[in-house]
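These notes are about the structure you will find just below.
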Amino acid sequence: MLLTACSSSPPDVRTVTVTKIQYVFPPKELISQCIVPPYSSKKNQDLSEYTNSLMNVISLCDLDWLSLENWINEQKSKLSAE
């Protein structure tokens, strides 16, 4: 009779590490293009209004980029917490 429980050598134990890559993409609303309004006037006096509209587009794009940056930081925090 073979008594394996009384054996002096431990059984082979192996640790297996499985790496799973999961890609997480930002929401579409955070990566949309900034649409530049076309300039169609031929009068110089309309340039001021057009400049204001361009500044508004830039401001909105800045908000989108800040939101995207915040989202990225949240994802990094989630990964580091795991």
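We name chains A, B, ... following the order of the structure tokens; residues begin at 1 in each chain, and ligands are numbered from 1 as shown.
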
message: If we count only C-alpha atoms and set the cut-off at 10 Å, which residues sit around Gln75 in chain A, ignoring sequence neighbours fewer than 6 positions away in its own chain? Please answer as a VMD selection string.
response: chain A and resid 24 to 26 69 81

For those residues, write N, CA, C and O atoms to a file as a tab-separated table (two decimals), in the first residue's frame.
```
chain	number	residue	atom	x	y	z
A	24	VAL	N	-10.86	50.05	-22.98
A	24	VAL	CA	-11.97	50.91	-22.58
A	24	VAL	C	-11.84	52.19	-23.39
A	24	VAL	O	-10.82	52.87	-23.33
A	25	PHE	N	-12.86	52.47	-24.15
A	25	PHE	CA	-12.84	53.65	-25.00
A	25	PHE	C	-13.70	54.75	-24.39
A	25	PHE	O	-14.70	54.48	-23.73
A	26	PRO	N	-13.29	56.01	-24.60
A	26	PRO	CA	-14.07	57.11	-24.04
A	26	PRO	C	-15.43	57.23	-24.73
A	26	PRO	O	-15.59	56.80	-25.88
A	69	GLU	N	-10.15	64.48	-20.22
A	69	GLU	CA	-9.04	64.32	-19.28
A	69	GLU	C	-9.54	63.80	-17.94
A	69	GLU	O	-8.93	62.91	-17.34
A	81	ALA	N	-7.09	51.01	-8.28
A	81	ALA	CA	-7.82	50.50	-7.11
A	81	ALA	C	-7.99	48.99	-7.17
A	81	ALA	O	-8.22	48.36	-6.16
```

field: Separation of CA of Ser80 in chain A from CA of Cys61 in chain A in Å
entry: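 If I compute the distance from CA of Cys61 in chain A to CA of Ser80 in chain A, I get 28.6 Å.
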
Test item: residues at most 8 Å from Leu30 in chain A, only C-alpha atoms, excluding those fewer than 4 positions along its chain, as a list of chain:residue names: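 Result of the neighbour search: A:Pro26, A:Asp64, A:Trp65, A:Ser67, A:Leu68.
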
Please produce a file of the residues just selected, as a CSV table (one decimal), in the first residue's frame, where the atoms kept are N, CA, C and O atoms.
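Output below, filename result32.csv:
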```
chain,number,residue,atom,x,y,z
A,26,PRO,N,-13.3,56.0,-24.6
A,26,PRO,CA,-14.1,57.1,-24.0
A,26,PRO,C,-15.4,57.2,-24.7
A,26,PRO,O,-15.6,56.8,-25.9
A,64,ASP,N,-14.8,70.0,-23.7
A,64,ASP,CA,-14.8,68.6,-24.1
A,64,ASP,C,-13.4,67.9,-23.7
A,64,ASP,O,-13.4,66.8,-23.2
A,65,TRP,N,-12.3,68.6,-24.0
A,65,TRP,CA,-11.0,68.1,-23.6
A,65,TRP,C,-10.8,67.9,-22.1
A,65,TRP,O,-10.2,66.9,-21.7
A,67,SER,N,-13.2,67.4,-20.0
A,67,SER,CA,-14.1,66.3,-19.6
A,67,SER,C,-13.4,65.0,-20.0
A,67,SER,O,-13.4,64.0,-19.2
A,68,LEU,N,-12.7,64.9,-21.1
A,68,LEU,CA,-12.0,63.7,-21.5
A,68,LEU,C,-10.9,63.4,-20.6
A,68,LEU,O,-10.6,62.3,-20.2
```

Computed interatomic separation between CA of Ile35 in chain A and CA of Leu47 in chain A (Å): 17.8 Å

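Atom pair CA of Asp62 in chain A / CA of Ser77 in chain A has a distance of 22.5 Å (rounded to one decimal).
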
message: Could you check the closest approach to Val36 in chain A for each of A:Thr15, A:Ser53, A:Ser59, A:Asn70 and tell me which residue wins, using only C-alpha atoms?
response: A:Ser53

- prompt: Which of these residues is nearest to Ser32 in chain A, using only C-alpha atoms: A:Asn56, A:Leu63, A:Arg14, A:Asp46?
  reply: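 Closest to Ser32 in chain A of all the choices is A:Leu63.
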
message: So, with only C-alpha atoms as the atoms that count, which of A:Leu60, A:Met55, A:Lys42, A:Val16 lies closest to Glu29 in chain A?
response: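 Selected residue with least distance to Glu29 in chain A: A:Leu60.
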
Go through range 16-69 of chain A and collect every residue that DSSP, computed from the backbone, puts in helix (DSSP H, G or I); the answer should be as a compact mmCIF listing (two decimals) with N, CA, C and O atoms, in the first residue's frame.
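Dumped to states.txt:
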```txt
# COMPACT_ATOMS: atom_id res chain seq x y z
N LYS A 28 -18.43 58.67 -26.87
CA LYS A 28 -18.35 59.41 -28.13
C LYS A 28 -18.51 60.91 -27.94
O LYS A 28 -17.89 61.70 -28.65
N GLU A 29 -19.32 61.32 -26.99
CA GLU A 29 -19.53 62.77 -26.81
C GLU A 29 -18.27 63.48 -26.35
O GLU A 29 -18.15 64.70 -26.48
N LEU A 30 -17.30 62.74 -25.84
CA LEU A 30 -16.05 63.36 -25.40
C LEU A 30 -15.00 63.42 -26.49
O LEU A 30 -13.97 64.07 -26.33
N ASN A 44 -16.23 93.55 -43.41
CA ASN A 44 -15.30 93.54 -42.28
C ASN A 44 -16.02 93.67 -40.94
O ASN A 44 -15.55 93.15 -39.93
N GLN A 45 -17.13 94.35 -40.94
CA GLN A 45 -17.84 94.55 -39.67
C GLN A 45 -18.39 93.23 -39.12
O GLN A 45 -18.66 93.13 -37.93
N ASP A 46 -18.53 92.21 -39.95
CA ASP A 46 -19.00 90.92 -39.48
C ASP A 46 -17.89 90.07 -38.87
O ASP A 46 -18.15 89.03 -38.27
N LEU A 47 -16.66 90.51 -39.04
CA LEU A 47 -15.53 89.74 -38.50
C LEU A 47 -15.57 89.63 -36.98
O LEU A 47 -15.20 88.59 -36.42
N SER A 48 -16.02 90.67 -36.33
CA SER A 48 -16.09 90.63 -34.87
C SER A 48 -17.06 89.55 -34.40
O SER A 48 -16.76 88.78 -33.48
N GLU A 49 -18.20 89.48 -35.03
CA GLU A 49 -19.19 88.46 -34.66
C GLU A 49 -18.66 87.06 -34.97
O GLU A 49 -18.85 86.13 -34.19
N TYR A 50 -17.99 86.93 -36.09
CA TYR A 50 -17.41 85.63 -36.45
C TYR A 50 -16.31 85.23 -35.46
O TYR A 50 -16.23 84.07 -35.05
N THR A 51 -15.52 86.19 -35.05
CA THR A 51 -14.48 85.90 -34.06
C THR A 51 -15.10 85.42 -32.76
O THR A 51 -14.61 84.48 -32.13
N ASN A 52 -16.19 86.04 -32.36
CA ASN A 52 -16.89 85.61 -31.13
C ASN A 52 -17.41 84.18 -31.28
O ASN A 52 -17.34 83.38 -30.33
N SER A 53 -17.93 83.85 -32.45
CA SER A 53 -18.44 82.49 -32.64
C SER A 53 -17.29 81.48 -32.62
O SER A 53 -17.44 80.37 -32.10
N LEU A 54 -16.13 81.87 -33.17
CA LEU A 54 -14.96 80.98 -33.10
C LEU A 54 -14.49 80.79 -31.67
O LEU A 54 -14.11 79.68 -31.27
N MET A 55 -14.51 81.84 -30.90
CA MET A 55 -14.11 81.75 -29.50
C MET A 55 -15.06 80.81 -28.73
O MET A 55 -14.62 80.07 -27.85
N ASN A 56 -16.33 80.85 -29.06
CA ASN A 56 -17.29 79.95 -28.42
C ASN A 56 -16.99 78.49 -28.76
O ASN A 56 -17.07 77.62 -27.89
N VAL A 57 -16.66 78.25 -30.02
CA VAL A 57 -16.32 76.89 -30.43
C VAL A 57 -15.07 76.41 -29.68
O VAL A 57 -15.02 75.28 -29.18
N ILE A 58 -14.09 77.27 -29.57
CA ILE A 58 -12.86 76.91 -28.85
C ILE A 58 -13.17 76.63 -27.38
O ILE A 58 -12.67 75.66 -26.80
N SER A 59 -14.01 77.43 -26.78
CA SER A 59 -14.38 77.22 -25.37
C SER A 59 -15.08 75.88 -25.18
O SER A 59 -14.80 75.15 -24.22
N LEU A 60 -15.99 75.55 -26.09
CA LEU A 60 -16.69 74.26 -25.99
C LEU A 60 -15.73 73.09 -26.19
O LEU A 60 -15.84 72.07 -25.51
N CYS A 61 -14.81 73.25 -27.11
CA CYS A 61 -13.81 72.19 -27.32
C CYS A 61 -12.93 72.03 -26.09
O CYS A 61 -12.57 70.90 -25.73
N ASP A 62 -12.58 73.12 -25.47
CA ASP A 62 -11.80 73.06 -24.24
C ASP A 62 -12.55 72.28 -23.16
O ASP A 62 -11.96 71.47 -22.44
N LEU A 63 -13.84 72.54 -23.05
CA LEU A 63 -14.65 71.80 -22.06
C LEU A 63 -14.66 70.31 -22.38
O LEU A 63 -14.57 69.48 -21.49
N ASP A 64 -14.78 69.98 -23.67
CA ASP A 64 -14.76 68.58 -24.06
C ASP A 64 -13.44 67.93 -23.70
O ASP A 64 -13.40 66.81 -23.19
N TRP A 65 -12.34 68.62 -23.96
CA TRP A 65 -11.03 68.05 -23.65
C TRP A 65 -10.82 67.92 -22.14
O TRP A 65 -10.24 66.94 -21.67
N LEU A 66 -11.31 68.88 -21.39
CA LEU A 66 -11.21 68.76 -19.93
C LEU A 66 -12.05 67.59 -19.42
O LEU A 66 -11.63 66.86 -18.53
N SER A 67 -13.23 67.41 -20.01
CA SER A 67 -14.07 66.27 -19.63
C SER A 67 -13.39 64.96 -19.98
O SER A 67 -13.43 64.00 -19.20
N LEU A 68 -12.75 64.92 -21.14
CA LEU A 68 -12.02 63.71 -21.54
C LEU A 68 -10.86 63.44 -20.59
O LEU A 68 -10.62 62.31 -20.18
N GLU A 69 -10.15 64.48 -20.22
CA GLU A 69 -9.04 64.32 -19.28
C GLU A 69 -9.54 63.80 -17.94
O GLU A 69 -8.93 62.91 -17.34
```
